[in-house]
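Student: Next comes the structure file structure-v4.cif, holding mmCIF, C-alpha atoms.
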```
data_start
#
loop_
_atom_site.group_PDB
_atom_site.id
_atom_site.type_symbol
_atom_site.label_atom_id
_atom_site.label_comp_id
_atom_site.auth_asym_id
_atom_site.auth_seq_id
_atom_site.Cartn_x
_atom_site.Cartn_y
_atom_site.Cartn_z
ATOM 1 C CA MET A 1 75.382 -36.254 -41.973
ATOM 2 C CA ASN A 2 73.682 -35.180 -45.218
ATOM 3 C CA THR A 3 75.360 -37.488 -47.700
ATOM 4 C CA VAL A 4 72.159 -38.457 -49.518
ATOM 5 C CA CYS A 5 70.873 -34.865 -49.616
ATOM 6 C CA MET A 6 74.185 -33.762 -51.129
ATOM 7 C CA MET A 7 73.946 -36.496 -53.805
ATOM 8 C CA ILE A 8 70.386 -35.452 -54.620
ATOM 9 C CA LYS A 9 71.440 -31.812 -54.946
ATOM 10 C CA LYS A 10 74.367 -32.784 -57.171
ATOM 11 C CA GLN A 11 71.937 -34.579 -59.512
ATOM 12 C CA THR A 12 69.313 -31.821 -59.341
ATOM 13 C CA VAL A 13 71.632 -29.230 -60.860
ATOM 14 C CA PRO A 14 71.980 -31.114 -64.191
ATOM 15 C CA ASN A 15 68.200 -31.595 -64.321
ATOM 16 C CA PHE A 16 67.699 -27.848 -64.318
ATOM 17 C CA ILE A 17 70.557 -27.267 -66.788
ATOM 18 C CA ASN A 18 68.898 -29.758 -69.143
ATOM 19 C CA LEU A 19 65.565 -27.988 -68.644
ATOM 20 C CA GLU A 20 67.120 -24.628 -69.509
ATOM 21 C CA THR A 21 68.821 -26.085 -72.598
ATOM 22 C CA MET A 22 65.491 -27.544 -73.714
ATOM 23 C CA LEU A 23 63.843 -24.122 -73.337
ATOM 24 C CA ARG A 24 66.614 -22.487 -75.364
ATOM 25 C CA THR A 25 66.438 -24.997 -78.234
ATOM 26 C CA TYR A 26 62.798 -26.070 -78.620
ATOM 27 C CA ASP A 27 60.124 -24.919 -81.038
ATOM 28 C CA ARG A 28 57.582 -23.464 -78.645
ATOM 29 C CA SER A 29 54.748 -23.858 -81.123
ATOM 30 C CA ALA A 30 55.439 -27.498 -82.051
ATOM 31 C CA LEU A 31 52.355 -29.524 -81.248
ATOM 32 C CA VAL A 32 52.362 -32.168 -78.537
ATOM 33 C CA CYS A 33 49.018 -33.972 -78.420
ATOM 34 C CA GLY A 34 47.395 -30.877 -79.923
ATOM 35 C CA ALA A 35 48.915 -28.357 -77.505
ATOM 36 C CA PRO A 36 51.919 -26.115 -78.170
ATOM 37 C CA ALA A 37 55.182 -27.321 -76.638
ATOM 38 C CA TRP A 38 55.464 -24.224 -74.422
ATOM 39 C CA ARG A 39 52.407 -25.520 -72.500
ATOM 40 C CA TYR A 40 54.238 -28.778 -71.733
ATOM 41 C CA ALA A 41 57.298 -26.762 -70.727
ATOM 42 C CA TYR A 42 55.151 -24.751 -68.320
ATOM 43 C CA HIS A 43 53.443 -27.905 -67.044
ATOM 44 C CA MET A 44 56.856 -29.424 -66.274
ATOM 45 C CA ILE A 45 58.211 -26.350 -64.470
ATOM 46 C CA HIS A 46 54.956 -25.837 -62.564
ATOM 47 C CA SER A 47 54.959 -29.479 -61.485
ATOM 48 C CA ALA A 48 58.535 -29.188 -60.206
ATOM 49 C CA ASP A 49 57.543 -26.032 -58.342
ATOM 50 C CA LYS A 50 54.495 -27.661 -56.784
ATOM 51 C CA TRP A 51 55.537 -31.277 -56.222
ATOM 52 C CA PHE A 52 59.283 -31.210 -55.497
ATOM 53 C CA ILE A 53 58.760 -29.796 -51.999
ATOM 54 C CA ASP A 54 55.139 -30.147 -50.880
ATOM 55 C CA PRO A 55 52.111 -30.056 -53.186
ATOM 56 C CA PHE A 56 49.769 -29.494 -50.240
ATOM 57 C CA ASP A 57 51.547 -26.323 -49.101
ATOM 58 C CA PHE A 58 51.934 -24.456 -52.367
ATOM 59 C CA THR A 59 51.140 -21.001 -53.700
ATOM 60 C CA GLU A 60 50.569 -20.604 -57.434
ATOM 61 C CA PRO A 61 52.880 -18.200 -59.274
ATOM 62 C CA GLN A 62 51.375 -14.780 -59.871
ATOM 63 C CA PHE A 63 50.962 -15.343 -63.633
ATOM 64 C CA HIS A 64 49.229 -18.716 -63.260
ATOM 65 C CA GLU A 65 45.648 -19.060 -64.481
ATOM 66 C CA GLU A 66 43.309 -21.772 -63.220
ATOM 67 C CA GLY A 67 44.085 -25.038 -65.003
ATOM 68 C CA MET A 68 46.963 -23.542 -67.001
ATOM 69 C CA ASP A 69 49.258 -26.404 -66.054
ATOM 70 C CA ASN A 70 47.035 -29.069 -67.658
ATOM 71 C CA ASN A 71 44.228 -27.507 -69.700
ATOM 72 C CA PRO A 72 43.797 -25.116 -72.629
ATOM 73 C CA CYS A 73 43.900 -21.471 -71.643
ATOM 74 C CA GLU A 74 43.860 -18.051 -73.269
ATOM 75 C CA ALA A 75 47.186 -16.892 -71.815
ATOM 76 C CA GLU A 76 50.490 -17.516 -73.541
ATOM 77 C CA LEU A 77 53.701 -17.389 -71.542
ATOM 78 C CA SER A 78 56.882 -16.154 -73.200
ATOM 79 C CA ASP A 79 60.073 -18.181 -73.239
ATOM 80 C CA GLU A 80 61.695 -15.427 -71.170
ATOM 81 C CA LEU A 81 59.063 -15.881 -68.468
ATOM 82 C CA LEU A 82 59.461 -19.679 -68.631
ATOM 83 C CA LEU A 83 63.258 -19.345 -68.258
ATOM 84 C CA ASP A 84 62.817 -16.959 -65.313
ATOM 85 C CA TYR A 85 60.287 -19.298 -63.694
ATOM 86 C CA ALA A 86 62.598 -22.299 -64.200
ATOM 87 C CA ALA A 87 65.478 -20.364 -62.571
ATOM 88 C CA HIS A 88 63.215 -19.432 -59.651
ATOM 89 C CA VAL A 89 62.137 -23.066 -59.184
ATOM 90 C CA ARG A 90 65.764 -24.231 -59.430
ATOM 91 C CA ASP A 91 66.904 -21.771 -56.759
ATOM 92 C CA LYS A 92 63.934 -22.626 -54.518
ATOM 93 C CA THR A 93 64.590 -26.359 -54.941
ATOM 94 C CA LEU A 94 68.321 -26.109 -54.208
ATOM 95 C CA ALA A 95 67.642 -23.989 -51.096
ATOM 96 C CA TYR A 96 65.093 -26.587 -49.984
ATOM 97 C CA LEU A 97 67.617 -29.399 -50.423
ATOM 98 C CA ASP A 98 70.116 -27.401 -48.366
ATOM 99 C CA SER A 99 67.539 -27.209 -45.571
ATOM 100 C CA LEU A 100 67.135 -30.994 -45.325
ATOM 101 C CA ASP A 101 69.097 -33.647 -43.542
ATOM 102 C CA ASP A 102 69.134 -37.287 -44.610
ATOM 103 C CA THR A 103 66.665 -38.414 -41.943
ATOM 104 C CA MET A 104 64.074 -35.930 -43.227
ATOM 105 C CA LEU A 105 63.982 -37.704 -46.600
ATOM 106 C CA ASN A 106 62.014 -40.572 -45.046
ATOM 107 C CA GLU A 107 59.444 -38.214 -43.517
ATOM 108 C CA CYS A 108 56.250 -36.916 -45.104
ATOM 109 C CA PRO A 109 55.604 -33.176 -45.162
ATOM 110 C CA LYS A 110 52.540 -32.224 -43.088
ATOM 111 C CA ASN A 111 49.300 -33.507 -44.682
ATOM 112 C CA CYS A 112 51.221 -35.144 -47.549
ATOM 113 C CA PRO A 113 50.981 -38.912 -48.188
ATOM 114 C CA TYR A 114 54.442 -39.053 -49.831
ATOM 115 C CA THR A 115 57.873 -38.901 -48.228
ATOM 116 C CA ARG A 116 60.226 -36.110 -49.237
ATOM 117 C CA LEU A 117 62.337 -38.651 -51.111
ATOM 118 C CA GLU A 118 59.289 -39.898 -53.037
ATOM 119 C CA LEU A 119 58.393 -36.325 -54.024
ATOM 120 C CA ILE A 120 61.945 -35.688 -55.213
ATOM 121 C CA LEU A 121 62.095 -38.922 -57.221
ATOM 122 C CA MET A 122 58.694 -38.200 -58.794
ATOM 123 C CA GLN A 123 60.016 -34.887 -60.069
ATOM 124 C CA PHE A 124 63.264 -36.373 -61.370
ATOM 125 C CA ARG A 125 61.129 -38.787 -63.406
ATOM 126 C CA HIS A 126 58.676 -36.097 -64.504
ATOM 127 C CA LEU A 127 61.384 -33.667 -65.612
ATOM 128 C CA SER A 128 63.201 -36.394 -67.534
ATOM 129 C CA VAL A 129 60.069 -37.525 -69.382
ATOM 130 C CA HIS A 130 59.111 -34.042 -70.536
ATOM 131 C CA ILE A 131 62.635 -32.886 -71.365
ATOM 132 C CA GLY A 132 63.124 -36.046 -73.440
ATOM 133 C CA MET A 133 59.760 -35.661 -75.153
ATOM 134 C CA ILE A 134 60.351 -32.034 -76.129
ATOM 135 C CA ASN A 135 63.989 -32.672 -77.081
ATOM 136 C CA GLY A 136 62.693 -35.442 -79.361
ATOM 137 C CA LEU A 137 60.600 -32.852 -81.190
ATOM 138 C CA THR A 138 63.663 -30.634 -81.554
ATOM 139 C CA ILE A 139 65.750 -33.522 -82.896
ATOM 140 C CA GLU A 140 63.003 -34.470 -85.361
ATOM 141 C CA LYS A 141 62.645 -30.899 -86.631
ATOM 142 C CA THR A 142 66.291 -29.793 -86.697
ATOM 143 C CA GLY A 143 68.327 -32.994 -86.901
ATOM 144 C CA ARG A 144 70.360 -31.646 -83.967
ATOM 145 C CA PHE A 145 70.539 -33.113 -80.456
ATOM 146 C CA PRO A 146 70.098 -30.578 -77.629
ATOM 147 C CA LEU A 147 72.955 -30.789 -75.148
ATOM 148 C CA PHE A 148 72.254 -33.165 -72.290
ATOM 149 C CA VAL A 149 74.364 -32.742 -69.161
ATOM 150 C CA GLY A 150 74.892 -35.822 -67.015
ATOM 151 C CA ALA A 151 76.630 -36.285 -63.697
ATOM 152 C CA ASP A 152 80.061 -35.306 -64.946
ATOM 153 C CA GLY A 153 79.444 -33.475 -68.215
ATOM 154 C CA PHE A 154 79.487 -29.858 -67.091
ATOM 155 C CA ASP A 155 82.386 -29.008 -69.433
ATOM 156 C CA LYS A 156 79.979 -29.766 -72.285
ATOM 157 C CA LEU A 157 78.386 -26.398 -71.509
ATOM 158 C CA LYS A 158 81.331 -24.674 -73.217
ATOM 159 C CA LYS A 159 80.318 -26.254 -76.541
ATOM 160 C CA GLY A 160 76.952 -24.538 -76.943
ATOM 161 C CA LEU A 161 73.364 -25.712 -76.822
ATOM 162 C CA PHE A 162 73.658 -28.716 -79.131
ATOM 163 C CA ASP A 163 75.709 -31.880 -78.775
ATOM 164 C CA GLU A 164 77.824 -31.613 -81.903
#
```
Please re-express this file's structure in structure tokens.
Tutor:
Amino acid sequence: MNTVCMMIKKQTVPNFINLETMLRTYDRSALVCGAPAWRYAYHMIHSADKWFIDPFDFTEPQFHEEGMDNNPCEAELSDELLLDYAAHVRDKTLAYLDSLDDTMLNECPKNCPYTRLELILMQFRHLSVHIGMINGLTIEKTGRFPLFVGADGFDKLKKGLFDE
């Protein structure tokens, strides 16, 4: 039975909806510790791509430059590319969750010191921190609260991008 995997998947979907909403409402050039917010958005998506499944068996996306996820770089990624990358990571993550059974959650991927469940929980925490941080910038600048979808709030999506 895959009861736990199904619960994880059910909670993963809102995480990616909240990520997409953040990308559609944020000021990409707002500074976060001296770096533009789009860099933190990329860092968050890249981390989910790398760490949700297995950070030791990972191929960088084609547009990635060395250190781009954590260090200054010359490249600038568009919001369209970030949205496409987030959708790709969402689809990859949901397919991965479909491939698991509950017993696999307690196992470590090959050469990885963390269990699959630990990797998943790390990314839930990481996504939440960065979405909240960037949404805080949006709230401060606009006075509007980006829509946040919880476990049962999918009908909120009909209202638009802000919780008004």
Student: Considering all atoms listed in the file, state which residue in the set A:Pro61, A:Ala75, A:Pro55, A:Met7 is at the smallest distance from Arg39 (chain A).
Tutor: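 Ranked by minimum distance to Arg39 (chain A), first place goes to A:Ala75.
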Student: So what do you get for CA of Trp38 (chain A) versus CA of Ile53 (chain A), distance-wise?
Tutor: 23.3 Å
Student: Would you mind reading off the distance between CA of Leu81 (chain A) and CA of Ile131 (chain A), one decimal, in Å?
Tutor: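 CA of Ile131 (chain A) lies at a distance of 17.6 Å from CA of Leu81 (chain A).
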Student: The PyMOL selection byres ((chain A and resi 109-120) around 8) - which residues does that actually catch in the file I just gave you? List them as an NGL selection string.
Tutor: :A and (51-56 or 104-108 or 121-124)
Student: Between A:Lys159, A:Ala41, A:Asp98, A:Asp49, single out the one closest to Asp27 (chain A), counting all atoms listed in the file.
Tutor: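 Closest to Asp27 (chain A), using all atoms listed in the file: A:Ala41.
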Student: Once the PyMOL selection byres ((chain A and resi 92) around 12) has been applied to the shown file, what residues remain in the selection, as a list of chain:residue names?
Tutor: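 Those residues are A:Lys9, A:Thr12, A:Val13, A:Phe16, A:Ala48, A:Asp49, A:Lys50, A:Phe52, A:Ile53, A:Tyr85, A:Ala86, A:Ala87, A:His88, A:Val89, A:Arg90, A:Asp91, A:Thr93, A:Leu94, A:Ala95, A:Tyr96, A:Leu97, A:Asp98, A:Ser99.
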Student: Quote the spacing between CA of Gln62 (chain A) and CA of Gln11 (chain A) in Å to one decimal place.
Tutor: 28.5 Å
Student: Considering all atoms listed in the file, state which residue in the set A:Gly34, A:Gly150, A:Gly136, A:Gly67 is at the smallest distance from Met22 (chain A).
Tutor: A:Gly136
Student: Can you tell me, as lines of an AutoDock Vina configuration file, the centre and edge lengths (Å, one decimal) of the axis-aligned box enclosing all of region 53-71 of chain A's listed atoms after padding each side by 3 Å?
Tutor:
```
center_x = 51.0
center_y = -22.5
center_z = -59.4
size_x = 21.5
size_y = 21.4
size_z = 26.6
```
Student: Suppose a student applies the PyMOL selection byres ((chain A and resi 128-130) around 8) to this structure; what residues should they get, written as an MDAnalysis selection string?
Tutor: chainID A and resid 15 40:41 44 124:127 131:134
Student: Of the candidates A:Thr138, A:Asn70, A:Thr103, A:Thr3, which shows the shortest atom-to-atom distance to Ile45 (chain A), using all atoms listed in the file?
Tutor: A:Asn70
